[in-house]
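Asks: Sharing a structure here in structure tokens format.
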Amino acid sequence: MKPVLLKGGTLIDPSQKLDAKGDVLIAQGKVESAGGRISAPDECDVVDCTGMIVSPGFIDVHCHLREPGREDVETIATGARAAAAGGFTAVCAMPNTDPVTDNQAAVGFVMRQGANANAARVYPIGAISLGQQGKALAEFGEMVGAGAVAVSDDGKPVVSAQLMRTALEYARTFRIPVIDHCEEPTLAAGGAMNEGIVSARLGLRGIPSEAEEIMVIRDILLARRTGGHVHLAHMSTKGSVELIRWGKERGINVSAEVCPHHLSLTEDRVMAYDTNAKMNPPLRTAADVAALREAVKDGTIDLIATDHAPHHYDEKEREFADAPNGIVGLETALALIVTHLVESGIITYAEMVDRMSCTPARLFNLPGGSLRRGTVADVTIFNPDECWKVDPATFLSKGRNTPYAGMKLRGKAVCTIVAGQIVYRQ
Amino acid sequence: MSGALGKDLLGLEDLSADQIRLILDTAEPFKEISERAIKKVPALRGSTIVNLFFENSTRTRISFEFAEKRLSADTVNVSATGSSVAKGETLVDTARNLEAMRIDMVVIRHPASGAARFLADRIPSNVINAGDGTHEHPTQGLLDILTLRDKFKTLEGRRVCICGDILHSRVARSNIWGLQKLGVEVGVCGPRSLLPNAIDELGVRVFDRIEEAIEWAEALNVLRLQLERMTAGYIPSPREYNRVFGITRERLDRAGRDILILHPGPMNRGVEIDSDVADGPHSVILDQVTNGVAIRMAVLYLLAGGKPELAEAAKGGEPRARNAS
């Protein structure tokens with residue numbers, strides 16, 4: 001493999017407090033050097049990065065790639081390519097497939113398909129319970145041995161507090177986070193959107209914010225009891241932010257993520273019964289959005305993840321209450337964060353890179369997240385100034401279900417490098 | 001083609017006060033048609049209307065059918081109990097099939113909130129919402145308002161309380177929007193477990209006790225208590241509901257003045273309303289039914305492009321030219 005020189009960009013790497021113009025030289029799939037002016041060695045590919053931001057590769061710890069089971073909607077290969085096009089060098093695939101990724105063979109399948117995709121890296125997340133039934137623990141040890149980086153029953157909450165406790169205890173041996181989809185099922189039952197004034201007007205059954213918050217505090221308390229690492233998926237409410245802050249102040253091993261849609265849209269988006277505004281957890285209020293943005297800034301919420309959830313268009317083209325939850329996110333996340341958080345002055349580019357690369361790598365023990373010499377050369381190069389209009393027809397994902405169609409956003413991935421190899425170029 | 005109401009009637013939240021008044025005023029001349037020996041005018045001759053009912057309904061469907069027939073439209077009733085999904089065909093396919101048959105209007109009743117709008121967004125025909133889930137039931141709201149206007153003459157400043165299960169009631173929502181737009185003070189009263197959590201933000205006065213609501217109101221619109229709410233655990237029993245929230249003669253007498261009683265039907269006698277109230281001198285429940293036909297004629301006529309000022313003339317027999325307006 002030829003060395004690659006990334007020339008003339010702005011280097012942003014919070015892991016070594018780099019935020020300046022500088023070049024990056026990649027050799028043997030690793031970062032050879034980063035910072036300052038580097039002259040091109042012989043036999044070297046040069047990527048002109050003038051006007052671009054060069055950062056450690058973005059990592060999405062939460063996406064649904066639908067394979068095995070729903071290859072009509074997404075495959076690991078199309079998902080990994082969509083990820084690369086969105087500036088992600090690695091994604092973690094949730095186990096709620098059919099069959100469920102709840103054993104080492106299934107984990108091995110995801111690893112293999114991910115490697116064959118030759119795009120973003122794909123890390124499997126194993127199920128917490130067999131078949132995600134919420135009853136018996138899956139074999140964490142064997143799944144980790146086969147490549148799983150975390151466990152989760154995402155899509156479903158872990159209803160039993162006892163099972164959650166056991167999972168947090170058992171996961172400590174393997175030093176992996178236990179990811180919970182926080183939703184108290186009896187409060188959320190039948191809900192289609194946030195409970196509030198909009199649900200009252202539309203006559204849709206609401207999901208109160210307490211459905212999330214009750215499970216958030218339960219999980220935080222269980223993490224305190226067990227010392228296990230609980231990672232809270234897709235936080236959506238102001239109350240959750242306050243509870244996480246409470247937990248972190250006490251040194252409890254809790255981390256949390258938020259999705260770009262919960263940082264950029266409110267429940268008002270549901271007013272026309274647009275099923276592309278239907279997700280779980282639902283879009284909440286402006287006060288929730290403000291609290292979540294603040295939490296990204298102050299680190300209460302550790303990282304940004306997409307919850308990329310492709311669906312067939314037929315499935316979304318129906319009555320609101322009957323439509324499935326979720327939107328695609330891999331190809332809009334970067335621009336949504338630039339547009340709604342950086343451009344609006346809430347966070348800096350360094351903080352964006354931290355929340356989308358350094359922190360996910362650190363919390364999930366993944367390679368990357370840094371451009372230090374000797375680190376695996378996973379690099380995201382993006383144009384912070386490019387304005388573009390979201391056109392779902394151009395997505396590499398098979399999913400077209402996005403509430404952002406037609407919207408103008410700023411910021412676009414131009415080149416994505418995994419282990420020194422260019423896997424996406426605009 | 002769209003007249004004074006636009007293409008569809010999906011809910012009263014979308015209408016202006018003037019549009020609501022226009023429908024009420026247009027209904028006036030149509031009332032008289034139902035009193036004739038020959039209850040038919042040619043206003044919608046040549047129009048085809050589908051009554052698409054995905055939910056059981058007797059009175060709304062019959063009321064629409066009478067309204068359509070008295071305007072000389074050709075009607076087809078399609079009833080599919082359960083959701084379209086259960087039937088195997090999606091709502092979008094149903095919509096496309098209807099469109100392919102070149103129908104002029106669809107009256108839709110559906111268990112999913114937003115279904116009428118879903119249909120309206122996808123077909124060029126006029127769509128009338130005859131009740132979508134727990135969202136709106138605009139013609140019911142309109143006929144309630146017409147009945148109140150008949151009795152009160154002016155609506156501005158009147159006090160109307162809607163009693164019962166507001167959370168799951170499309171009738172309640174349509175009444176709240178419509179009445180508020182016409183300057184009526186709206187109250188609601190029911191167990192908190194059957195009121196939307198955000199009820200205060202709807203601009204209504206909330207009463208926890210029915211006695212206080214009766215004390216305040218000049219008219220009560222008593223909603224039907226869906227018996228399935230009991231099994232879902234919102235309230236403990238119909239017996240207790242009657243004891244705490246039932247509209248009884250005794251409670252009304254205590255107010256010491258006449259209070260108008262409305263009910264969208266069908267009634268659970270002895271649950272939300274006692275028989276001697278339902279059949280009593282201040283009950284306008286059957287006037288509501290009569291007005292329902294006139295309101296639906298007015299809505300059909302206006303959506304078809306009929307000129308409000310010609311409604312009186314339409315009674316006479318001038319044939320309606322489609323697409324003429």
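Residues in the structure tokens are named by chain (A, B, ... in the order shown) and by number from 1 within that chain; ligands are numbered from 1 in the order shown.
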Under the rule of at most 7 Å, produce a per-residue listing of chain A near chain B: chain, number, name, the closest pair of atoms, and the distance in Å, as a tab-separated table, using only C-alpha atoms.

Replies:
residue	atom	partner	partner_atom	distance
A:Gly196	CA	B:Ala198	CA	5.3
A:Ile197	CA	B:Ala198	CA	5.2
A:Ala200	CA	B:Pro196	CA	5.9
A:Leu202	CA	B:His135	CA	5.3
A:Gly203	CA	B:His135	CA	4.1
A:Leu204	CA	B:Ser113	CA	6.3
A:Tyr273	CA	B:Gly114	CA	6.2
A:Arg318	CA	B:Leu91	CA	6.7
A:Glu319	CA	B:Ala115	CA	5.8
A:Phe320	CA	B:Gly114	CA	6.9
A:Ala321	CA	B:Ala112	CA	6.6

Asks: Could you list, as a PyMOL selection string, every residue within 10 Å of A:Leu222, counting only C-alpha atoms and ignoring same-chain residues fewer than 4 positions away?

Replies: chain A and resi 161-162+164-166+168-169+216-218+226-230+252-253

Asks: Can you write just those residues out, N, CA and C atoms, as a compact mmCIF listing (two decimals), in the first residue's frame?

Replies:
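The resulting file, selection_7.txt, is shown below:
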# COMPACT_ATOMS: atom_id res chain seq x y z
N ALA A 161 -35.36 -5.45 35.85
CA ALA A 161 -34.25 -4.78 36.55
C ALA A 161 -33.21 -5.80 36.98
N GLN A 162 -33.67 -6.98 37.32
CA GLN A 162 -32.74 -8.03 37.74
C GLN A 162 -31.84 -8.46 36.58
N MET A 164 -31.01 -6.61 34.03
CA MET A 164 -30.11 -5.49 33.77
C MET A 164 -28.97 -5.51 34.78
N ARG A 165 -29.32 -5.77 36.01
CA ARG A 165 -28.28 -5.83 37.05
C ARG A 165 -27.26 -6.92 36.72
N THR A 166 -27.78 -8.07 36.38
CA THR A 166 -26.88 -9.19 36.07
C THR A 166 -26.00 -8.87 34.87
N LEU A 168 -25.00 -5.96 33.80
CA LEU A 168 -23.97 -4.99 34.16
C LEU A 168 -22.85 -5.65 34.96
N GLU A 169 -23.21 -6.57 35.82
CA GLU A 169 -22.19 -7.29 36.60
C GLU A 169 -21.35 -8.19 35.70
N VAL A 216 -33.83 5.55 32.83
CA VAL A 216 -32.52 6.18 32.94
C VAL A 216 -32.05 6.13 34.39
N ILE A 217 -32.91 6.52 35.30
CA ILE A 217 -32.47 6.53 36.70
C ILE A 217 -32.33 5.10 37.23
N ARG A 218 -33.17 4.19 36.77
CA ARG A 218 -33.01 2.80 37.18
C ARG A 218 -31.63 2.28 36.77
N THR A 226 -23.60 -1.99 40.77
CA THR A 226 -22.77 -3.06 40.20
C THR A 226 -21.37 -2.61 39.80
N GLY A 227 -21.19 -1.32 39.57
CA GLY A 227 -19.90 -0.85 39.05
C GLY A 227 -19.76 -1.11 37.56
N GLY A 228 -20.79 -1.66 36.93
CA GLY A 228 -20.74 -1.90 35.49
C GLY A 228 -20.88 -0.60 34.71
N HIS A 229 -20.51 -0.64 33.43
CA HIS A 229 -20.62 0.54 32.58
C HIS A 229 -21.94 0.49 31.82
N VAL A 230 -22.84 1.40 32.17
CA VAL A 230 -24.09 1.46 31.42
C VAL A 230 -23.99 2.61 30.43
N ILE A 252 -20.64 7.70 39.04
CA ILE A 252 -21.21 6.44 38.55
C ILE A 252 -20.79 6.22 37.10
N ASN A 253 -20.56 4.97 36.74
CA ASN A 253 -20.04 4.63 35.42
C ASN A 253 -21.15 4.64 34.37

Asks: For the strand (DSSP E) assignment from backbone DSSP, which residues of stretch 221-313 of chain A qualify? Please present them as a list in words.

Replies: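 Restricting stretch 221-313 of chain A to strand (DSSP E) produces Val230, His231, Leu232, Val254, Ser255, Ala256, Glu257, Val258, Leu303 and Ile304 of chain A.
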
Asks: Find the residues around stretch 355-368 of chain A up to 8 Å (only C-alpha atoms counted), leave out those fewer than 5 positions away in its own chain, and share them as a short mmCIF file (atom, residue, chain, number, x, y, z; two decimals) with N, CA and C atoms, in the first residue's frame.

Replies:
data_model
loop_
_atom_site.label_atom_id
_atom_site.label_comp_id
_atom_site.auth_asym_id
_atom_site.auth_seq_id
_atom_site.Cartn_x
_atom_site.Cartn_y
_atom_site.Cartn_z
N PRO A 14 -8.69 16.41 18.98
CA PRO A 14 -8.74 16.73 20.42
C PRO A 14 -7.90 15.78 21.27
N SER A 15 -7.61 14.57 20.77
CA SER A 15 -6.84 13.61 21.57
C SER A 15 -5.43 14.12 21.82
N PRO A 56 -9.63 12.65 13.21
CA PRO A 56 -9.74 11.20 13.38
C PRO A 56 -11.14 10.75 12.95
N GLY A 57 -11.23 9.55 12.41
CA GLY A 57 -12.47 9.09 11.79
C GLY A 57 -13.64 9.04 12.76
N PHE A 58 -14.81 9.42 12.24
CA PHE A 58 -16.02 9.41 13.05
C PHE A 58 -16.49 7.97 13.27
N ILE A 59 -17.00 7.75 14.47
CA ILE A 59 -17.47 6.41 14.84
C ILE A 59 -18.92 6.52 15.31
N ASP A 60 -19.79 5.74 14.67
CA ASP A 60 -21.20 5.73 15.07
C ASP A 60 -21.46 4.47 15.87
N VAL A 61 -21.72 4.64 17.16
CA VAL A 61 -21.88 3.44 18.00
C VAL A 61 -23.30 2.88 17.97
N VAL A 149 -18.39 -5.64 20.49
CA VAL A 149 -17.75 -4.58 21.26
C VAL A 149 -18.63 -4.06 22.40
N ALA A 150 -19.87 -4.50 22.42
CA ALA A 150 -20.80 -4.08 23.46
C ALA A 150 -21.99 -5.03 23.41
N ILE A 176 -16.93 -4.39 28.66
CA ILE A 176 -17.76 -3.84 27.58
C ILE A 176 -18.94 -3.07 28.18
N PRO A 177 -19.38 -2.04 27.47
CA PRO A 177 -20.57 -1.33 27.94
C PRO A 177 -21.84 -2.14 27.69
N VAL A 296 -24.51 18.22 25.29
CA VAL A 296 -23.43 17.84 24.37
C VAL A 296 -22.24 18.77 24.61
N ASP A 302 -22.13 12.16 26.31
CA ASP A 302 -20.75 11.93 25.89
C ASP A 302 -20.54 12.00 24.39
N LEU A 303 -21.54 11.48 23.66
CA LEU A 303 -21.26 11.32 22.23
C LEU A 303 -22.54 11.40 21.40
N ILE A 304 -22.31 11.54 20.10
CA ILE A 304 -23.42 11.62 19.15
C ILE A 304 -23.46 10.33 18.33
N ALA A 305 -24.63 9.73 18.24
CA ALA A 305 -24.81 8.50 17.46
C ALA A 305 -26.05 8.65 16.60
N THR A 375 -1.18 5.35 15.48
CA THR A 375 -2.58 4.96 15.57
C THR A 375 -3.06 4.48 14.20
N VAL A 376 -4.03 3.60 14.23
CA VAL A 376 -4.63 3.13 12.98
C VAL A 376 -5.13 4.34 12.19
N ALA A 377 -4.86 4.33 10.89
CA ALA A 377 -5.16 5.54 10.09
C ALA A 377 -6.60 5.55 9.61
N ASP A 378 -7.52 5.83 10.55
CA ASP A 378 -8.93 6.06 10.21
C ASP A 378 -9.15 7.56 10.27
#

Asks: Using only C-alpha atoms, which protein or nucleic acid residues come within 12 Å of B:Leu143? Drop anything in the same chain fewer than 3 positions from it, and give the result as a ChimeraX atom specification.

Replies: /B:12,20-21,23-25,27-28,31,60,63,137-140,146-150,171,174-175,178-179,221,262-264,284-299

Asks: Between A:Ala34, A:Met271, A:Val289, A:Ala171, which residue has the minimum interatomic distance to A:Thr237, considering only C-alpha atoms?

Replies: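 For A:Thr237, the nearest of the candidates is A:Val289.
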
Asks: Taking only stretch 191-239 of chain A into account, list the residues labelled alpha helix (DSSP H) by DSSP (computed from the backbone), as a list of chain:residue names.

Replies: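 Alpha helix (DSSP H) members of stretch 191-239 of chain A, listed: A:Ile197, A:Val198, A:Ser199, A:Ala200, A:Arg201, A:Leu202, A:Ser209, A:Glu210, A:Ala211, A:Glu212, A:Glu213, A:Ile214, A:Met215, A:Val216, A:Ile217, A:Arg218, A:Asp219, A:Ile220, A:Leu221, A:Leu222, A:Ala223, A:Arg224, A:Arg225, A:Thr226, A:Lys238, A:Gly239.
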
Asks: Calculate how many Å separate atom CA of A:Asp23 from atom CA of A:Arg37, rounding to one decimal.

Replies: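 Separation of atom CA of A:Asp23 and atom CA of A:Arg37: 5.6 Å.
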